[in-house]
$ cat run-v3.cif   # mmCIF, C-alpha atoms
data_final
loop_
_atom_site.label_atom_id
_atom_site.label_comp_id
_atom_site.auth_asym_id
_atom_site.auth_seq_id
_atom_site.Cartn_x
_atom_site.Cartn_y
_atom_site.Cartn_z
CA MET E 189 0.00 0.00 0.00
CA LEU E 190 1.18 3.52 -0.81
CA THR E 191 2.21 5.00 2.55
CA TYR E 192 5.04 6.95 4.16
CA GLU E 193 8.23 4.98 4.74
CA PRO E 194 10.97 6.41 7.02
CA GLY E 195 14.34 6.81 5.35
CA ASP E 196 17.44 8.94 4.97
CA SER E 197 17.21 9.89 1.32
CA LEU E 198 17.56 13.43 -0.01
CA ALA E 199 13.80 13.64 -0.56
CA HIS E 200 13.15 12.71 3.08
CA HIS E 201 15.07 15.81 4.21
CA LEU E 202 13.35 18.25 1.85
CA ASP E 203 10.69 20.63 3.09
CA PRO E 204 7.21 19.30 2.17
CA ARG E 205 6.34 22.66 0.61
CA THR E 206 9.23 22.18 -1.80
CA LYS E 207 7.99 18.74 -2.78
CA LEU E 208 4.46 20.04 -3.22
CA ALA E 209 5.76 22.78 -5.52
CA VAL E 210 7.56 20.19 -7.65
CA GLN E 211 4.43 18.05 -7.85
CA ILE E 212 2.23 20.96 -8.94
CA GLY E 213 4.82 22.22 -11.40
CA PHE E 214 5.30 18.73 -12.83
CA ALA E 215 1.55 18.24 -13.31
CA ALA E 216 1.25 21.65 -15.00
CA ALA E 217 4.18 20.88 -17.30
CA GLY E 218 2.63 17.51 -18.12
CA LEU E 219 -0.57 19.21 -19.27
CA ALA E 220 1.36 21.75 -21.34
CA HIS E 221 3.89 19.45 -23.02
CA THR E 222 2.18 16.47 -24.61
CA SER E 223 4.69 15.71 -27.38
CA PRO E 224 7.06 12.70 -27.19
CA ALA E 225 10.01 15.06 -26.64
CA GLY E 226 8.26 16.81 -23.76
CA LEU E 227 7.24 13.53 -22.16
CA THR E 228 10.83 12.31 -22.47
CA VAL E 229 12.07 15.29 -20.46
CA LEU E 230 9.31 14.75 -17.89
CA GLY E 231 10.25 11.08 -17.72
CA VAL E 232 13.79 12.09 -16.79
CA VAL E 233 12.42 14.33 -14.03
CA ALA E 234 10.18 11.51 -12.76
CA ALA E 235 13.11 9.08 -12.76
CA LEU E 236 15.18 11.65 -10.86
CA SER E 237 12.36 11.99 -8.30
CA LEU E 238 12.34 8.24 -7.71
CA ARG E 239 16.13 8.26 -7.48
CA VAL E 240 16.45 10.99 -4.85
CA SER E 241 13.64 9.39 -2.83
CA GLU E 242 15.25 5.93 -3.09
CA THR E 243 11.96 4.51 -4.37
CA PRO E 244 12.36 1.51 -6.71
CA LEU E 245 10.41 1.71 -9.95
CA VAL E 246 9.03 -1.81 -9.54
CA SER E 247 7.59 -1.11 -6.10
CA SER E 248 6.15 2.18 -7.38
CA LEU E 249 4.37 0.43 -10.23
CA TYR E 250 3.13 -2.20 -7.79
CA SER E 251 1.65 0.56 -5.63
CA LEU E 252 -0.18 1.78 -8.74
CA ARG E 253 -1.24 -1.70 -9.85
CA PHE E 254 -4.94 -0.79 -9.80
CA ALA E 255 -4.45 2.17 -12.14
CA VAL E 256 -1.77 0.83 -14.51
CA PRO E 257 -4.07 -1.71 -16.31
CA PHE E 258 -6.48 1.09 -17.24
CA LEU E 259 -3.61 3.21 -18.56
CA VAL E 260 -2.40 0.28 -20.67
CA LEU E 261 -5.84 -0.68 -21.98
CA ALA E 262 -6.95 2.84 -22.92
CA PRO E 263 -4.80 3.11 -26.11
CA ILE E 264 -5.71 -0.44 -27.11
CA VAL E 265 -9.44 0.19 -26.75
CA GLU E 266 -9.14 3.43 -28.70
CA ALA E 267 -7.29 1.71 -31.55
CA VAL E 268 -9.69 -1.22 -31.93
CA THR E 269 -12.29 -0.70 -34.67
CA LEU E 270 -15.45 -2.62 -35.53
CA GLY E 271 -14.41 -3.09 -39.14
CA PRO E 272 -11.30 -3.13 -41.32
CA PRO E 273 -8.50 -2.48 -40.52
CA TRP E 274 -9.70 -3.68 -37.05
CA PHE E 275 -6.77 -1.96 -35.35
CA ASP E 276 -5.88 1.67 -36.10
CA SER E 277 -2.45 2.32 -34.60
CA ALA E 278 -2.64 6.04 -35.38
CA ALA E 279 -5.70 6.37 -33.14
CA ALA E 280 -3.75 4.90 -30.23
CA VAL E 281 -0.99 7.52 -30.29
CA GLY E 282 -2.92 10.26 -28.46
CA PRO E 283 -4.30 8.00 -25.69
CA ALA E 284 -0.88 6.37 -25.29
CA LEU E 285 0.81 9.74 -24.74
CA ALA E 286 -1.94 10.69 -22.27
CA SER E 287 -1.46 7.42 -20.37
CA ILE E 288 2.30 7.99 -20.18
CA ARG E 289 1.71 11.53 -18.91
CA ILE E 290 -0.65 10.32 -16.18
CA LEU E 291 1.73 7.53 -15.19
CA LEU E 292 4.62 9.98 -14.81
CA VAL E 293 2.50 12.24 -12.58
CA PHE E 294 1.59 9.22 -10.47
CA LEU E 295 5.26 8.23 -10.10
CA VAL E 296 6.19 11.69 -8.83
CA ALA E 297 3.26 11.49 -6.39
CA VAL E 298 4.52 8.09 -5.17
CA ALA E 299 7.92 9.63 -4.42
CA TYR E 300 6.21 12.38 -2.42
CA VAL E 301 3.95 10.09 -0.38
CA ARG E 302 6.74 7.65 0.47
CA THR E 303 9.04 10.41 1.75
CA THR E 304 6.64 12.79 3.51
CA PRO E 305 4.96 12.12 6.88
CA VAL E 306 1.25 12.84 7.01
CA ARG E 307 1.68 15.52 9.68
CA ASP E 308 4.22 17.35 7.50
CA SER E 309 1.84 17.30 4.54
CA ARG E 310 -0.91 18.72 6.71
CA ALA E 311 1.39 21.41 8.09
CA ALA E 312 2.53 22.38 4.59
CA ILE E 313 -1.02 22.75 3.31
CA GLN E 314 -2.15 24.79 6.32
CA ARG E 315 0.81 27.13 5.90
CA LEU E 316 0.21 27.57 2.18
CA VAL E 317 -3.58 28.05 2.49
CA PRO E 318 -4.45 30.49 5.29
CA GLY E 319 -7.49 30.38 7.54
CA ARG E 320 -9.95 27.63 8.24
CA VAL E 321 -9.96 26.60 4.59
CA GLY E 322 -6.34 25.52 4.95
CA VAL E 323 -7.09 23.72 8.20
CA ALA E 324 -9.95 21.83 6.57
CA LEU E 325 -7.81 20.92 3.56
CA GLY E 326 -4.93 19.81 5.76
CA MET E 327 -7.20 17.71 7.92
CA GLY E 328 -8.78 16.16 4.83
CA VAL E 329 -5.40 15.19 3.39
CA ALA E 330 -4.30 13.71 6.71
CA LEU E 331 -7.47 11.63 6.99
CA VAL E 332 -7.17 10.34 3.43
CA PHE E 333 -3.59 9.18 3.88
CA ARG E 334 -4.31 7.62 7.27
CA PHE E 335 -7.60 5.90 6.48
CA LEU E 336 -7.07 4.57 2.98
CA PRO E 337 -4.73 1.80 4.24
CA LEU E 338 -7.24 0.94 6.97
CA LEU E 339 -10.15 0.74 4.54
CA ARG E 340 -8.12 -1.45 2.22
CA ARG E 341 -7.28 -3.75 5.11
CA ASP E 342 -10.95 -3.93 6.05
CA LEU E 343 -11.87 -4.98 2.52
CA LEU E 344 -9.22 -7.69 2.58
CA ARG E 345 -10.58 -8.99 5.87
CA VAL E 346 -14.10 -9.10 4.47
CA ARG E 347 -12.84 -11.06 1.47
CA GLU E 348 -10.93 -13.47 3.71
CA ALA E 349 -14.01 -13.98 5.89
CA GLN E 350 -16.12 -14.70 2.82
CA ALA E 351 -13.55 -17.17 1.52
CA ALA E 352 -13.47 -18.95 4.90
CA ARG E 353 -17.26 -19.38 4.64
CA LEU E 354 -17.06 -20.79 1.08
CA GLY E 355 -18.04 -17.44 -0.33
CA THR E 356 -15.95 -18.26 -3.42
CA GLU E 357 -18.69 -20.71 -4.42
CA ARG E 358 -21.18 -17.87 -4.89
CA ARG E 359 -21.78 -16.02 -8.12
CA LEU E 360 -19.48 -13.08 -8.90
CA ASP E 361 -22.20 -10.46 -8.45
CA GLU E 362 -23.11 -11.90 -5.03
CA ARG E 363 -19.48 -11.89 -3.92
CA LEU E 364 -19.04 -8.28 -5.05
CA SER E 365 -22.20 -7.13 -3.27
CA LEU E 366 -21.21 -8.87 -0.02
CA VAL E 367 -17.68 -7.42 -0.06
CA ALA E 368 -19.00 -3.94 -0.92
CA ALA E 369 -21.65 -4.06 1.81
CA GLY E 370 -19.15 -5.27 4.40
CA GLY E 371 -16.62 -2.62 3.37
CA LEU E 372 -19.22 0.15 3.61
CA ARG E 373 -20.31 -1.00 7.08
CA ARG E 374 -16.73 -0.92 8.31
CA ALA E 375 -16.11 2.47 6.67
CA PHE E 376 -19.16 4.01 8.39
CA ALA E 377 -18.13 2.41 11.68
CA ARG E 378 -14.66 3.95 11.37
CA ALA E 379 -16.19 7.32 10.50
CA ASP E 380 -18.36 7.20 13.65
CA SER E 381 -15.32 6.26 15.75
CA LEU E 382 -13.35 9.13 14.21
CA ALA E 383 -16.10 11.64 14.96
CA LEU E 384 -16.26 10.45 18.58
CA ALA E 385 -12.46 10.64 18.91
CA LEU E 386 -12.39 14.19 17.54
CA ARG E 387 -15.05 15.31 20.01
CA ALA E 388 -13.26 13.57 22.90
CA ARG E 389 -10.03 15.38 21.99
CA CYS E 390 -11.77 18.76 21.59
CA PHE E 391 -10.75 19.09 17.94
CA ALA E 392 -9.56 22.66 17.40
CA TRP E 393 -8.83 24.85 14.41
CA ASN E 394 -5.34 25.73 15.67
CA PRO E 395 -3.54 22.40 16.28
CA THR E 396 0.15 22.25 17.13
CA LEU E 397 1.92 21.22 13.94
CA PRO E 398 5.56 20.30 13.29
CA GLU E 399 7.92 23.14 12.47
CA LEU E 400 8.81 23.45 8.79
CA ARG E 401 12.07 24.99 7.66
CA PHE E 402 13.73 25.35 4.28
CA SER E 403 17.36 24.21 3.95
CA ARG E 404 20.09 24.49 1.34
CA SER E 405 18.95 21.20 -0.17
CA ASP E 406 15.62 22.81 -1.04
CA VAL E 407 17.20 25.51 -3.23
CA PRO E 408 17.93 23.39 -6.36
CA VAL E 409 14.63 21.55 -6.00
CA LEU E 410 12.72 24.83 -5.75
CA ALA E 411 14.61 25.99 -8.84
CA LEU E 412 13.39 22.84 -10.59
CA ALA E 413 9.81 23.61 -9.55
CA VAL E 414 10.14 27.17 -10.89
CA GLY E 415 11.59 25.79 -14.13
CA LEU E 416 8.64 23.41 -14.52
CA PHE E 417 6.18 26.26 -13.99
CA ALA E 418 8.09 28.47 -16.44
CA SER E 419 8.08 25.74 -19.09
CA VAL E 420 4.29 25.93 -19.20
CA PHE E 421 4.50 29.42 -20.73
CA VAL E 422 7.36 28.66 -23.13
#
$ encode --input "run-v3.cif" --output "structure tokens"
Amino acid sequence: MLTYEPGDSLAHHLDPRTKLAVQIGFAAAGLAHTSPAGLTVLGVVAALSLRVSETPLVSSLYSLRFAVPFLVLAPIVEAVTLGPPWFDSAAAVGPALASIRILLVFLVAVAYVRTTPVRDSRAAIQRLVPGRVGVALGMGVALVFRFLPLLRRDLLRVREAQAARLGTERRLDERLSLVAAGGLRRAFARADSLALALRARCFAWNPTLPELRFSRSDVPVLALAVGLFASVFV
């Protein structure tokens, strides 16, 4: 599962605001430069992001295993025709470039998530977006990163429980409905527990967050983020 992993890489020591700037700049550059040459340059930047975060490409792709099949199938589906020539390779070029662009953005996001604690992400967002809007956004990001692994684990437990009760002998639609219903029940139960915990802890709009500080290592990375933003207008 895609979560934070402690480490001593260069990306681990960068300020989260710097990494957020690179992510936003990379996504903007990806939307602006859709040619093979532009995607090649962005691929180098994505590879560099994985390198400085010490994140293997194989494990990154495995973390994205639910999205990668759709990115692979999209160009194929677009190229298939109902009559001769049955497969139009020219029609697959555009979707293929779009899939590569999305995959590169995902890889940069993987490098960020694996090297940035949830509390640091929340602190960065609340410092970039002032007021209660920033607090709400920061809290939302923190909850997403913390609860997605739990919800996934709950779904796996429901599937294991169904398998232990010979649920694999049921029809596919019945198995899907049982797993979905069980997952929703657990999700609502966790939401109720979270609401109770927040009330018990007197959830406030001014929580104590970790101190963020830029260092010399952030300077070249911030320059990269500025360069990515500038490339959009070139």
$ residues_around --input "run-v3.cif" --residues "range 254-260 of chain E" --least-positions-apart "5" --cutoff "8 Å" --atoms "all atoms listed in the file" --output "PyMOL selection string"
chain E and resi 249+284+287-288+291
$ closest_residue --input "run-v3.cif" --among "E:Leu325, E:Leu190, E:Val367, E:Leu360" --to "Ser309 in chain E" --atoms "all atoms listed in the file"
E:Leu325
$ residues_around --input "run-v3.cif" --residues "Phe402 in chain E" --least-positions-apart "5" --cutoff "10 Å" --atoms "all atoms listed in the file" --output "PyMOL selection string"
chain E and resi 201-206+407
$ resolve_selection --input "run-v3.cif" --expression "the PyMOL selection byres ((chain E and resi 242) around 10)" --output "mmCIF file with C-alpha atoms, in the coordinates of the input"
data_model
loop_
_atom_site.group_PDB
_atom_site.id
_atom_site.type_symbol
_atom_site.label_atom_id
_atom_site.label_comp_id
_atom_site.auth_asym_id
_atom_site.auth_seq_id
_atom_site.Cartn_x
_atom_site.Cartn_y
_atom_site.Cartn_z
ATOM 1 C CA GLY E 195 14.340 6.810 5.350
ATOM 2 C CA ASP E 196 17.440 8.940 4.970
ATOM 3 C CA SER E 197 17.210 9.890 1.320
ATOM 4 C CA LEU E 198 17.560 13.430 -0.010
ATOM 5 C CA ALA E 199 13.800 13.640 -0.560
ATOM 6 C CA HIS E 200 13.150 12.710 3.080
ATOM 7 C CA LEU E 236 15.180 11.650 -10.860
ATOM 8 C CA SER E 237 12.360 11.990 -8.300
ATOM 9 C CA LEU E 238 12.340 8.240 -7.710
ATOM 10 C CA ARG E 239 16.130 8.260 -7.480
ATOM 11 C CA VAL E 240 16.450 10.990 -4.850
ATOM 12 C CA SER E 241 13.640 9.390 -2.830
ATOM 13 C CA THR E 243 11.960 4.510 -4.370
ATOM 14 C CA PRO E 244 12.360 1.510 -6.710
ATOM 15 C CA LEU E 245 10.410 1.710 -9.950
ATOM 16 C CA ALA E 299 7.920 9.630 -4.420
ATOM 17 C CA ARG E 302 6.740 7.650 0.470
ATOM 18 C CA THR E 303 9.040 10.410 1.750
#
$ closest_residue --input "run-v3.cif" --among "E:Asp406, E:Thr356, E:Leu338, E:Thr396" --to "Arg374 in chain E" --atoms "all atoms listed in the file"
E:Leu338
$ closest_residue --input "run-v3.cif" --among "E:Val265, E:Val301, E:Val317, E:Ala330" --to "Ala280 in chain E" --atoms "all atoms listed in the file"
E:Val265
$ resolve_selection --input "run-v3.cif" --expression "the PyMOL selection byres ((chain E and resi 211) around 12)" --output "PDB file with C-alpha atoms, in the coordinates of the input"
ATOM      1  CA  PRO E 204       7.210  19.300   2.170  1.00  0.00           C
ATOM      2  CA  ARG E 205       6.340  22.660   0.610  1.00  0.00           C
ATOM      3  CA  THR E 206       9.230  22.180  -1.800  1.00  0.00           C
ATOM      4  CA  LYS E 207       7.990  18.740  -2.780  1.00  0.00           C
ATOM      5  CA  LEU E 208       4.460  20.040  -3.220  1.00  0.00           C
ATOM      6  CA  ALA E 209       5.760  22.780  -5.520  1.00  0.00           C
ATOM      7  CA  VAL E 210       7.560  20.190  -7.650  1.00  0.00           C
ATOM      8  CA  ILE E 212       2.230  20.960  -8.940  1.00  0.00           C
ATOM      9  CA  GLY E 213       4.820  22.220 -11.400  1.00  0.00           C
ATOM     10  CA  PHE E 214       5.300  18.730 -12.830  1.00  0.00           C
ATOM     11  CA  ALA E 215       1.550  18.240 -13.310  1.00  0.00           C
ATOM     12  CA  ALA E 216       1.250  21.650 -15.000  1.00  0.00           C
ATOM     13  CA  ALA E 217       4.180  20.880 -17.300  1.00  0.00           C
ATOM     14  CA  GLY E 218       2.630  17.510 -18.120  1.00  0.00           C
ATOM     15  CA  LEU E 230       9.310  14.750 -17.890  1.00  0.00           C
ATOM     16  CA  VAL E 233      12.420  14.330 -14.030  1.00  0.00           C
ATOM     17  CA  ALA E 234      10.180  11.510 -12.760  1.00  0.00           C
ATOM     18  CA  SER E 237      12.360  11.990  -8.300  1.00  0.00           C
ATOM     19  CA  LEU E 292       4.620   9.980 -14.810  1.00  0.00           C
ATOM     20  CA  VAL E 293       2.500  12.240 -12.580  1.00  0.00           C
ATOM     21  CA  PHE E 294       1.590   9.220 -10.470  1.00  0.00           C
ATOM     22  CA  LEU E 295       5.260   8.230 -10.100  1.00  0.00           C
ATOM     23  CA  VAL E 296       6.190  11.690  -8.830  1.00  0.00           C
ATOM     24  CA  ALA E 297       3.260  11.490  -6.390  1.00  0.00           C
ATOM     25  CA  VAL E 298       4.520   8.090  -5.170  1.00  0.00           C
ATOM     26  CA  ALA E 299       7.920   9.630  -4.420  1.00  0.00           C
ATOM     27  CA  TYR E 300       6.210  12.380  -2.420  1.00  0.00           C
ATOM     28  CA  VAL E 301       3.950  10.090  -0.380  1.00  0.00           C
ATOM     29  CA  VAL E 409      14.630  21.550  -6.000  1.00  0.00           C
ATOM     30  CA  LEU E 410      12.720  24.830  -5.750  1.00  0.00           C
ATOM     31  CA  LEU E 412      13.390  22.840 -10.590  1.00  0.00           C
ATOM     32  CA  ALA E 413       9.810  23.610  -9.550  1.00  0.00           C
ATOM     33  CA  VAL E 414      10.140  27.170 -10.890  1.00  0.00           C
ATOM     34  CA  LEU E 416       8.640  23.410 -14.520  1.00  0.00           C
ATOM     35  CA  PHE E 417       6.180  26.260 -13.990  1.00  0.00           C
TER      36      PHE E 417
END
$ resolve_selection --input "run-v3.cif" --expression "the PyMOL selection byres ((chain E and resi 266) around 10)" --output "ChimeraX atom specification"
/E:261-265,267-269,275-284
$ decode --input "run-v3.cif" --residues "range 276-399 of chain E" --atoms "C-alpha atoms" --output "JSON list (two decimals), in the first residue's frame"
[["chain", "number", "residue", "atom", "x", "y", "z"],
["E", 276, "ASP", "CA", -5.88, 1.67, -36.10],
["E", 277, "SER", "CA", -2.45, 2.32, -34.60],
["E", 278, "ALA", "CA", -2.64, 6.04, -35.38],
["E", 279, "ALA", "CA", -5.70, 6.37, -33.14],
["E", 280, "ALA", "CA", -3.75, 4.90, -30.23],
["E", 281, "VAL", "CA", -0.99, 7.52, -30.29],
["E", 282, "GLY", "CA", -2.92, 10.26, -28.46],
["E", 283, "PRO", "CA", -4.30, 8.00, -25.69],
["E", 284, "ALA", "CA", -0.88, 6.37, -25.29],
["E", 285, "LEU", "CA", 0.81, 9.74, -24.74],
["E", 286, "ALA", "CA", -1.94, 10.69, -22.27],
["E", 287, "SER", "CA", -1.46, 7.42, -20.37],
["E", 288, "ILE", "CA", 2.30, 7.99, -20.18],
["E", 289, "ARG", "CA", 1.71, 11.53, -18.91],
["E", 290, "ILE", "CA", -0.65, 10.32, -16.18],
["E", 291, "LEU", "CA", 1.73, 7.53, -15.19],
["E", 292, "LEU", "CA", 4.62, 9.98, -14.81],
["E", 293, "VAL", "CA", 2.50, 12.24, -12.58],
["E", 294, "PHE", "CA", 1.59, 9.22, -10.47],
["E", 295, "LEU", "CA", 5.26, 8.23, -10.10],
["E", 296, "VAL", "CA", 6.19, 11.69, -8.83],
["E", 297, "ALA", "CA", 3.26, 11.49, -6.39],
["E", 298, "VAL", "CA", 4.52, 8.09, -5.17],
["E", 299, "ALA", "CA", 7.92, 9.63, -4.42],
["E", 300, "TYR", "CA", 6.21, 12.38, -2.42],
["E", 301, "VAL", "CA", 3.95, 10.09, -0.38],
["E", 302, "ARG", "CA", 6.74, 7.65, 0.47],
["E", 303, "THR", "CA", 9.04, 10.41, 1.75],
["E", 304, "THR", "CA", 6.64, 12.79, 3.51],
["E", 305, "PRO", "CA", 4.96, 12.12, 6.88],
["E", 306, "VAL", "CA", 1.25, 12.84, 7.01],
["E", 307, "ARG", "CA", 1.68, 15.52, 9.68],
["E", 308, "ASP", "CA", 4.22, 17.35, 7.50],
["E", 309, "SER", "CA", 1.84, 17.30, 4.54],
["E", 310, "ARG", "CA", -0.91, 18.72, 6.71],
["E", 311, "ALA", "CA", 1.39, 21.41, 8.09],
["E", 312, "ALA", "CA", 2.53, 22.38, 4.59],
["E", 313, "ILE", "CA", -1.02, 22.75, 3.31],
["E", 314, "GLN", "CA", -2.15, 24.79, 6.32],
["E", 315, "ARG", "CA", 0.81, 27.13, 5.90],
["E", 316, "LEU", "CA", 0.21, 27.57, 2.18],
["E", 317, "VAL", "CA", -3.58, 28.05, 2.49],
["E", 318, "PRO", "CA", -4.45, 30.49, 5.29],
["E", 319, "GLY", "CA", -7.49, 30.38, 7.54],
["E", 320, "ARG", "CA", -9.95, 27.63, 8.24],
["E", 321, "VAL", "CA", -9.96, 26.60, 4.59],
["E", 322, "GLY", "CA", -6.34, 25.52, 4.95],
["E", 323, "VAL", "CA", -7.09, 23.72, 8.20],
["E", 324, "ALA", "CA", -9.95, 21.83, 6.57],
["E", 325, "LEU", "CA", -7.81, 20.92, 3.56],
["E", 326, "GLY", "CA", -4.93, 19.81, 5.76],
["E", 327, "MET", "CA", -7.20, 17.71, 7.92],
["E", 328, "GLY", "CA", -8.78, 16.16, 4.83],
["E", 329, "VAL", "CA", -5.40, 15.19, 3.39],
["E", 330, "ALA", "CA", -4.30, 13.71, 6.71],
["E", 331, "LEU", "CA", -7.47, 11.63, 6.99],
["E", 332, "VAL", "CA", -7.17, 10.34, 3.43],
["E", 333, "PHE", "CA", -3.59, 9.18, 3.88],
["E", 334, "ARG", "CA", -4.31, 7.62, 7.27],
["E", 335, "PHE", "CA", -7.60, 5.90, 6.48],
["E", 336, "LEU", "CA", -7.07, 4.57, 2.98],
["E", 337, "PRO", "CA", -4.73, 1.80, 4.24],
["E", 338, "LEU", "CA", -7.24, 0.94, 6.97],
["E", 339, "LEU", "CA", -10.15, 0.74, 4.54],
["E", 340, "ARG", "CA", -8.12, -1.45, 2.22],
["E", 341, "ARG", "CA", -7.28, -3.75, 5.11],
["E", 342, "ASP", "CA", -10.95, -3.93, 6.05],
["E", 343, "LEU", "CA", -11.87, -4.98, 2.52],
["E", 344, "LEU", "CA", -9.22, -7.69, 2.58],
["E", 345, "ARG", "CA", -10.58, -8.99, 5.87],
["E", 346, "VAL", "CA", -14.10, -9.10, 4.47],
["E", 347, "ARG", "CA", -12.84, -11.06, 1.47],
["E", 348, "GLU", "CA", -10.93, -13.47, 3.71],
["E", 349, "ALA", "CA", -14.01, -13.98, 5.89],
["E", 350, "GLN", "CA", -16.12, -14.70, 2.82],
["E", 351, "ALA", "CA", -13.55, -17.17, 1.52],
["E", 352, "ALA", "CA", -13.47, -18.95, 4.90],
["E", 353, "ARG", "CA", -17.26, -19.38, 4.64],
["E", 354, "LEU", "CA", -17.06, -20.79, 1.08],
["E", 355, "GLY", "CA", -18.04, -17.44, -0.33],
["E", 356, "THR", "CA", -15.95, -18.26, -3.42],
["E", 357, "GLU", "CA", -18.69, -20.71, -4.42],
["E", 358, "ARG", "CA", -21.18, -17.87, -4.89],
["E", 359, "ARG", "CA", -21.78, -16.02, -8.12],
["E", 360, "LEU", "CA", -19.48, -13.08, -8.90],
["E", 361, "ASP", "CA", -22.20, -10.46, -8.45],
["E", 362, "GLU", "CA", -23.11, -11.90, -5.03],
["E", 363, "ARG", "CA", -19.48, -11.89, -3.92],
["E", 364, "LEU", "CA", -19.04, -8.28, -5.05],
["E", 365, "SER", "CA", -22.20, -7.13, -3.27],
["E", 366, "LEU", "CA", -21.21, -8.87, -0.02],
["E", 367, "VAL", "CA", -17.68, -7.42, -0.06],
["E", 368, "ALA", "CA", -19.00, -3.94, -0.92],
["E", 369, "ALA", "CA", -21.65, -4.06, 1.81],
["E", 370, "GLY", "CA", -19.15, -5.27, 4.40],
["E", 371, "GLY", "CA", -16.62, -2.62, 3.37],
["E", 372, "LEU", "CA", -19.22, 0.15, 3.61],
["E", 373, "ARG", "CA", -20.31, -1.00, 7.08],
["E", 374, "ARG", "CA", -16.73, -0.92, 8.31],
["E", 375, "ALA", "CA", -16.11, 2.47, 6.67],
["E", 376, "PHE", "CA", -19.16, 4.01, 8.39],
["E", 377, "ALA", "CA", -18.13, 2.41, 11.68],
["E", 378, "ARG", "CA", -14.66, 3.95, 11.37],
["E", 379, "ALA", "CA", -16.19, 7.32, 10.50],
["E", 380, "ASP", "CA", -18.36, 7.20, 13.65],
["E", 381, "SER", "CA", -15.32, 6.26, 15.75],
["E", 382, "LEU", "CA", -13.35, 9.13, 14.21],
["E", 383, "ALA", "CA", -16.10, 11.64, 14.96],
["E", 384, "LEU", "CA", -16.26, 10.45, 18.58],
["E", 385, "ALA", "CA", -12.46, 10.64, 18.91],
["E", 386, "LEU", "CA", -12.39, 14.19, 17.54],
["E", 387, "ARG", "CA", -15.05, 15.31, 20.01],
["E", 388, "ALA", "CA", -13.26, 13.57, 22.90],
["E", 389, "ARG", "CA", -10.03, 15.38, 21.99],
["E", 390, "CYS", "CA", -11.77, 18.76, 21.59],
["E", 391, "PHE", "CA", -10.75, 19.09, 17.94],
["E", 392, "ALA", "CA", -9.56, 22.66, 17.40],
["E", 393, "TRP", "CA", -8.83, 24.85, 14.41],
["E", 394, "ASN", "CA", -5.34, 25.73, 15.67],
["E", 395, "PRO", "CA", -3.54, 22.40, 16.28],
["E", 396, "THR", "CA", 0.15, 22.25, 17.13],
["E", 397, "LEU", "CA", 1.92, 21.22, 13.94],
["E", 398, "PRO", "CA", 5.56, 20.30, 13.29],
["E", 399, "GLU", "CA", 7.92, 23.14, 12.47]]
